[in-house]
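Chemist: Here you go, target.pdb (PDB, C-alpha atoms):
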ATOM      1  CA  MET U 432     120.341  73.770 119.956
ATOM      2  CA  ASN U 433     118.582  76.748 121.566
ATOM      3  CA  VAL U 434     117.101  79.557 119.489
ATOM      4  CA  THR U 435     114.912  82.502 120.464
ATOM      5  CA  LEU U 436     111.439  83.084 119.042
ATOM      6  CA  ILE U 437     109.918  86.570 119.207
ATOM      7  CA  LEU U 438     106.267  87.223 118.408
ATOM      8  CA  THR U 439     104.686  90.583 117.655
ATOM      9  CA  THR U 440     101.511  91.877 116.029
ATOM     10  CA  VAL U 441     101.355  94.835 113.651
ATOM     11  CA  PRO U 442      98.441  96.751 112.137
ATOM     12  CA  ASP U 443      98.858  95.812 108.466
ATOM     13  CA  ALA U 444     100.844  93.994 105.792
ATOM     14  CA  SER U 445     103.005  96.986 104.813
ATOM     15  CA  VAL U 446     104.235  97.450 108.399
ATOM     16  CA  ALA U 447     104.811  93.687 108.643
ATOM     17  CA  GLN U 448     106.882  93.665 105.449
ATOM     18  CA  LYS U 449     109.018  96.663 106.460
ATOM     19  CA  LEU U 450     109.682  95.400 109.993
ATOM     20  CA  ALA U 451     110.628  91.949 108.678
ATOM     21  CA  GLU U 452     112.832  93.186 105.824
ATOM     22  CA  ASP U 453     114.730  95.671 107.987
ATOM     23  CA  ALA U 454     115.320  93.128 110.780
ATOM     24  CA  LEU U 455     116.605  90.613 108.227
ATOM     25  CA  ALA U 456     118.824  93.187 106.501
ATOM     26  CA  SER U 457     120.356  94.064 109.881
ATOM     27  CA  ARG U 458     120.970  90.352 110.636
ATOM     28  CA  LEU U 459     118.871  90.626 113.800
ATOM     29  CA  CYS U 460     117.073  87.441 112.785
ATOM     30  CA  ALA U 461     117.502  84.603 110.327
ATOM     31  CA  CYS U 462     113.833  84.220 109.409
ATOM     32  CA  VAL U 463     110.505  85.971 109.888
ATOM     33  CA  THR U 464     107.267  84.067 109.398
ATOM     34  CA  GLN U 465     104.132  86.079 108.760
ATOM     35  CA  LEU U 466     101.550  83.990 110.556
ATOM     36  CA  GLY U 467      98.725  85.860 108.888
ATOM     37  CA  ALA U 468      95.757  87.957 109.818
ATOM     38  CA  VAL U 469      94.404  87.649 113.334
ATOM     39  CA  GLN U 470      91.680  89.403 115.242
ATOM     40  CA  SER U 471      92.856  90.698 118.601
ATOM     41  CA  SER U 472      90.620  91.849 121.438
ATOM     42  CA  TYR U 473      92.252  93.655 124.350
ATOM     43  CA  HIS U 474      91.866  96.217 127.117
ATOM     44  CA  TRP U 475      93.146  99.635 126.051
ATOM     45  CA  GLN U 476      92.698 102.913 127.911
ATOM     46  CA  GLY U 477      89.620 101.789 129.816
ATOM     47  CA  THR U 478      87.748 100.068 126.995
ATOM     48  CA  ILE U 479      87.820  96.747 125.214
ATOM     49  CA  GLU U 480      89.104  97.141 121.660
ATOM     50  CA  THR U 481      89.096  94.758 118.708
ATOM     51  CA  ALA U 482      91.502  95.066 115.788
ATOM     52  CA  GLN U 483      92.578  93.149 112.715
ATOM     53  CA  GLU U 484      96.336  92.606 112.887
ATOM     54  CA  ILE U 485      99.165  90.623 111.307
ATOM     55  CA  GLN U 486     101.284  88.337 113.499
ATOM     56  CA  LEU U 487     105.016  88.010 112.900
ATOM     57  CA  LEU U 488     107.271  85.310 114.343
ATOM     58  CA  PHE U 489     110.993  86.139 114.319
ATOM     59  CA  LYS U 490     113.606  83.380 114.672
ATOM     60  CA  THR U 491     116.917  84.559 116.084
ATOM     61  CA  SER U 492     119.923  83.524 118.120
ATOM     62  CA  ALA U 493     120.274  84.173 121.848
ATOM     63  CA  ALA U 494     123.080  86.596 120.968
ATOM     64  CA  ARG U 495     120.746  88.816 118.889
ATOM     65  CA  ALA U 496     117.489  88.431 120.865
ATOM     66  CA  HIS U 497     117.797  91.519 123.065
ATOM     67  CA  GLU U 498     118.889  93.701 120.157
ATOM     68  CA  LEU U 499     115.952  92.420 118.070
ATOM     69  CA  GLU U 500     113.508  93.203 120.895
ATOM     70  CA  GLN U 501     114.921  96.736 121.113
ATOM     71  CA  TYR U 502     114.647  97.116 117.333
ATOM     72  CA  ILE U 503     110.996  96.027 117.333
ATOM     73  CA  GLN U 504     110.206  98.389 120.222
ATOM     74  CA  ALA U 505     111.876 101.337 118.450
ATOM     75  CA  HIS U 506     110.298 100.733 115.015
ATOM     76  CA  HIS U 507     106.844  99.466 115.955
ATOM     77  CA  PRO U 508     103.921 101.828 115.294
ATOM     78  CA  TYR U 509     102.080 100.944 118.532
ATOM     79  CA  ASP U 510     102.657 102.776 121.826
ATOM     80  CA  THR U 511     102.772  99.423 123.645
ATOM     81  CA  PRO U 512     103.656  96.720 121.129
ATOM     82  CA  GLU U 513     103.238  93.057 121.911
ATOM     83  CA  ILE U 514     106.738  91.601 122.139
ATOM     84  CA  LEU U 515     106.796  88.045 123.467
ATOM     85  CA  SER U 516     109.962  85.989 123.426
ATOM     86  CA  TRP U 517     110.855  82.492 124.455
ATOM     87  CA  GLN U 518     113.600  79.926 124.037
ATOM     88  CA  ALA U 519     112.986  76.927 121.822
ATOM     89  CA  THR U 520     115.007  73.865 120.967
ATOM     90  CA  ALA U 521     115.780  73.592 117.262
ATOM     91  CA  SER U 522     117.314  70.763 115.300
ATOM     92  CA  ALA U 523     121.088  71.132 115.155
ATOM     93  CA  PRO U 524     121.198  72.087 111.440
ATOM     94  CA  TYR U 525     118.421  74.695 111.798
ATOM     95  CA  GLY U 526     119.926  76.137 114.978
ATOM     96  CA  GLN U 527     123.340  76.367 113.341
ATOM     97  CA  TRP U 528     121.777  78.130 110.351
ATOM     98  CA  ILE U 529     120.101  80.712 112.651
ATOM     99  CA  THR U 530     123.384  81.278 114.489
ATOM    100  CA  ALA U 531     125.315  81.686 111.232
ATOM    101  CA  GLU U 532     122.777  84.082 109.704
ATOM    102  CA  THR U 533     122.674  86.339 112.777
ATOM    103  CA  TYR U 534     126.413  86.323 113.462
ATOM    104  CA  ARG U 535     128.216  89.650 113.338
ATOM    105  CA  PRO U 536     131.911  89.672 114.263
ATOM    106  CA  LEU U 537     133.023  92.126 116.909
ATOM    107  CA  HIS U 538     134.998  95.050 115.563
ATOM    108  CA  VAL U 539     138.307  95.653 117.336
TER     109      VAL U 539
END
Once you've parsed the file, please lay out its structure as structure tokens.
Modeler:
Amino acid sequence: MNVTLILTTVPDASVAQKLAEDALASRLCACVTQLGAVQSSYHWQGTIETAQEIQLLFKTSAARAHELEQYIQAHHPYDTPEILSWQATASAPYGQWITAETYRPLHV
């Protein structure tokens, strides 16, 4: 069963916690794994920067992936946040759990 994984980095643990909790509360994802502290080096405005960051991995359904990406973009503290997404194959029970946890019926 296909699921969508979305990776982002944030500046600190409090931002990580808020982004994860709000995405979960909105049923945009079924699970968020905090992968831990990382050191990122990158080009930014003509210089090479290095920063300590926290990586987050969101697990969501294909139906919620675009909405989750938009949510991250709108609530992320960075001007240009890292938002990487890809499809993955999950075991049937895990994929069904993700689909169930991110399901929102259409209102008529």
Chemist: Each residue of segment 485-537 of chain U lying at most 12 Å from segment 473-477 of chain U should get a row with its shortest atom-to-atom pair and the distance in Å to one decimal, counting all atoms listed in the file; could you produce that, ordered by chain and increasing number, as JSON lines?
Modeler:
{"residue": "U:Tyr509", "atom": "CA", "partner": "U:Trp475", "partner_atom": "CA", "distance": 11.8}
{"residue": "U:Asp510", "atom": "CA", "partner": "U:Trp475", "partner_atom": "CA", "distance": 10.9}
{"residue": "U:Thr511", "atom": "CA", "partner": "U:Trp475", "partner_atom": "CA", "distance": 9.9}
{"residue": "U:Pro512", "atom": "CA", "partner": "U:Trp475", "partner_atom": "CA", "distance": 12.0}
{"residue": "U:Glu513", "atom": "CA", "partner": "U:Tyr473", "partner_atom": "CA", "distance": 11.3}
Chemist: Exactly which residues make up the result of the PyMOL selection byres ((chain U and resi 450) around 12) on this file, given as JSON, numbers by chain?
Modeler: {"U": [439, 440, 441, 442, 443, 444, 445, 446, 447, 448, 449, 451, 452, 453, 454, 455, 456, 457, 459, 460, 462, 463, 464, 465, 485, 486, 487, 488, 489, 499, 500, 502, 503, 504, 505, 506, 507, 508]}
Chemist: Quick one: residues within 12 Å of Tyr525 of chain U, all atoms listed in the file, excluding same-chain residues fewer than 5 positions away - as a ChimeraX atom specification?
Modeler: /U:432-434,461-462,490-492,519-520,530-532
Chemist: Please save C-alpha atoms of the selected residues as a PDB file, keeping the file's coordinate frame.
Modeler:
ATOM      1  CA  MET U 432     120.341  73.770 119.956  1.00  0.00           C
ATOM      2  CA  ASN U 433     118.582  76.748 121.566  1.00  0.00           C
ATOM      3  CA  VAL U 434     117.101  79.557 119.489  1.00  0.00           C
ATOM      4  CA  ALA U 461     117.502  84.603 110.327  1.00  0.00           C
ATOM      5  CA  CYS U 462     113.833  84.220 109.409  1.00  0.00           C
ATOM      6  CA  LYS U 490     113.606  83.380 114.672  1.00  0.00           C
ATOM      7  CA  THR U 491     116.917  84.559 116.084  1.00  0.00           C
ATOM      8  CA  SER U 492     119.923  83.524 118.120  1.00  0.00           C
ATOM      9  CA  ALA U 519     112.986  76.927 121.822  1.00  0.00           C
ATOM     10  CA  THR U 520     115.007  73.865 120.967  1.00  0.00           C
ATOM     11  CA  THR U 530     123.384  81.278 114.489  1.00  0.00           C
ATOM     12  CA  ALA U 531     125.315  81.686 111.232  1.00  0.00           C
ATOM     13  CA  GLU U 532     122.777  84.082 109.704  1.00  0.00           C
TER      14      GLU U 532
END
Chemist: Between U:Gln527, U:Ser522, U:Thr533, U:Gln483, single out the one closest to Arg495 of chain U, counting only C-alpha atoms.
Modeler: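 Between U:Gln527, U:Ser522, U:Thr533, U:Gln483, the residue approaching Arg495 of chain U most closely is U:Thr533.
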Chemist: Using all atoms of segment 450-455 of chain U that appear in the file, construct an axis-aligned enclosing box with 8 Å of padding on every side and provide its centre coordinates and edge lengths in Å, rounded to one decimal, as AutoDock Vina command-line options.
Modeler:
--center_x 113.1 --center_y 93.1 --center_z 108.3 --size_x 22.9 --size_y 21.1 --size_z 21.0
Chemist: From (85.6, 92.9, 115.6), in the file's coordinates, out to 12 Å: which residues are reached, counting only C-alpha atoms? Answer as a PDB file with C-alpha atoms, keeping the file's coordinate frame.
Modeler:
ATOM      1  CA  VAL U 469      94.404  87.649 113.334  1.00  0.00           C
ATOM      2  CA  GLN U 470      91.680  89.403 115.242  1.00  0.00           C
ATOM      3  CA  SER U 471      92.856  90.698 118.601  1.00  0.00           C
ATOM      4  CA  SER U 472      90.620  91.849 121.438  1.00  0.00           C
ATOM      5  CA  TYR U 473      92.252  93.655 124.350  1.00  0.00           C
ATOM      6  CA  ILE U 479      87.820  96.747 125.214  1.00  0.00           C
ATOM      7  CA  GLU U 480      89.104  97.141 121.660  1.00  0.00           C
ATOM      8  CA  THR U 481      89.096  94.758 118.708  1.00  0.00           C
ATOM      9  CA  ALA U 482      91.502  95.066 115.788  1.00  0.00           C
ATOM     10  CA  GLN U 483      92.578  93.149 112.715  1.00  0.00           C
ATOM     11  CA  GLU U 484      96.336  92.606 112.887  1.00  0.00           C
TER      12      GLU U 484
END
Chemist: Could you check how far atom CA of His497 of chain U sits from atom CA of Ile529 of chain U, in Å to one decimal?
Modeler: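 Between atom CA of His497 of chain U and atom CA of Ile529 of chain U the gap is 15.2 Å.
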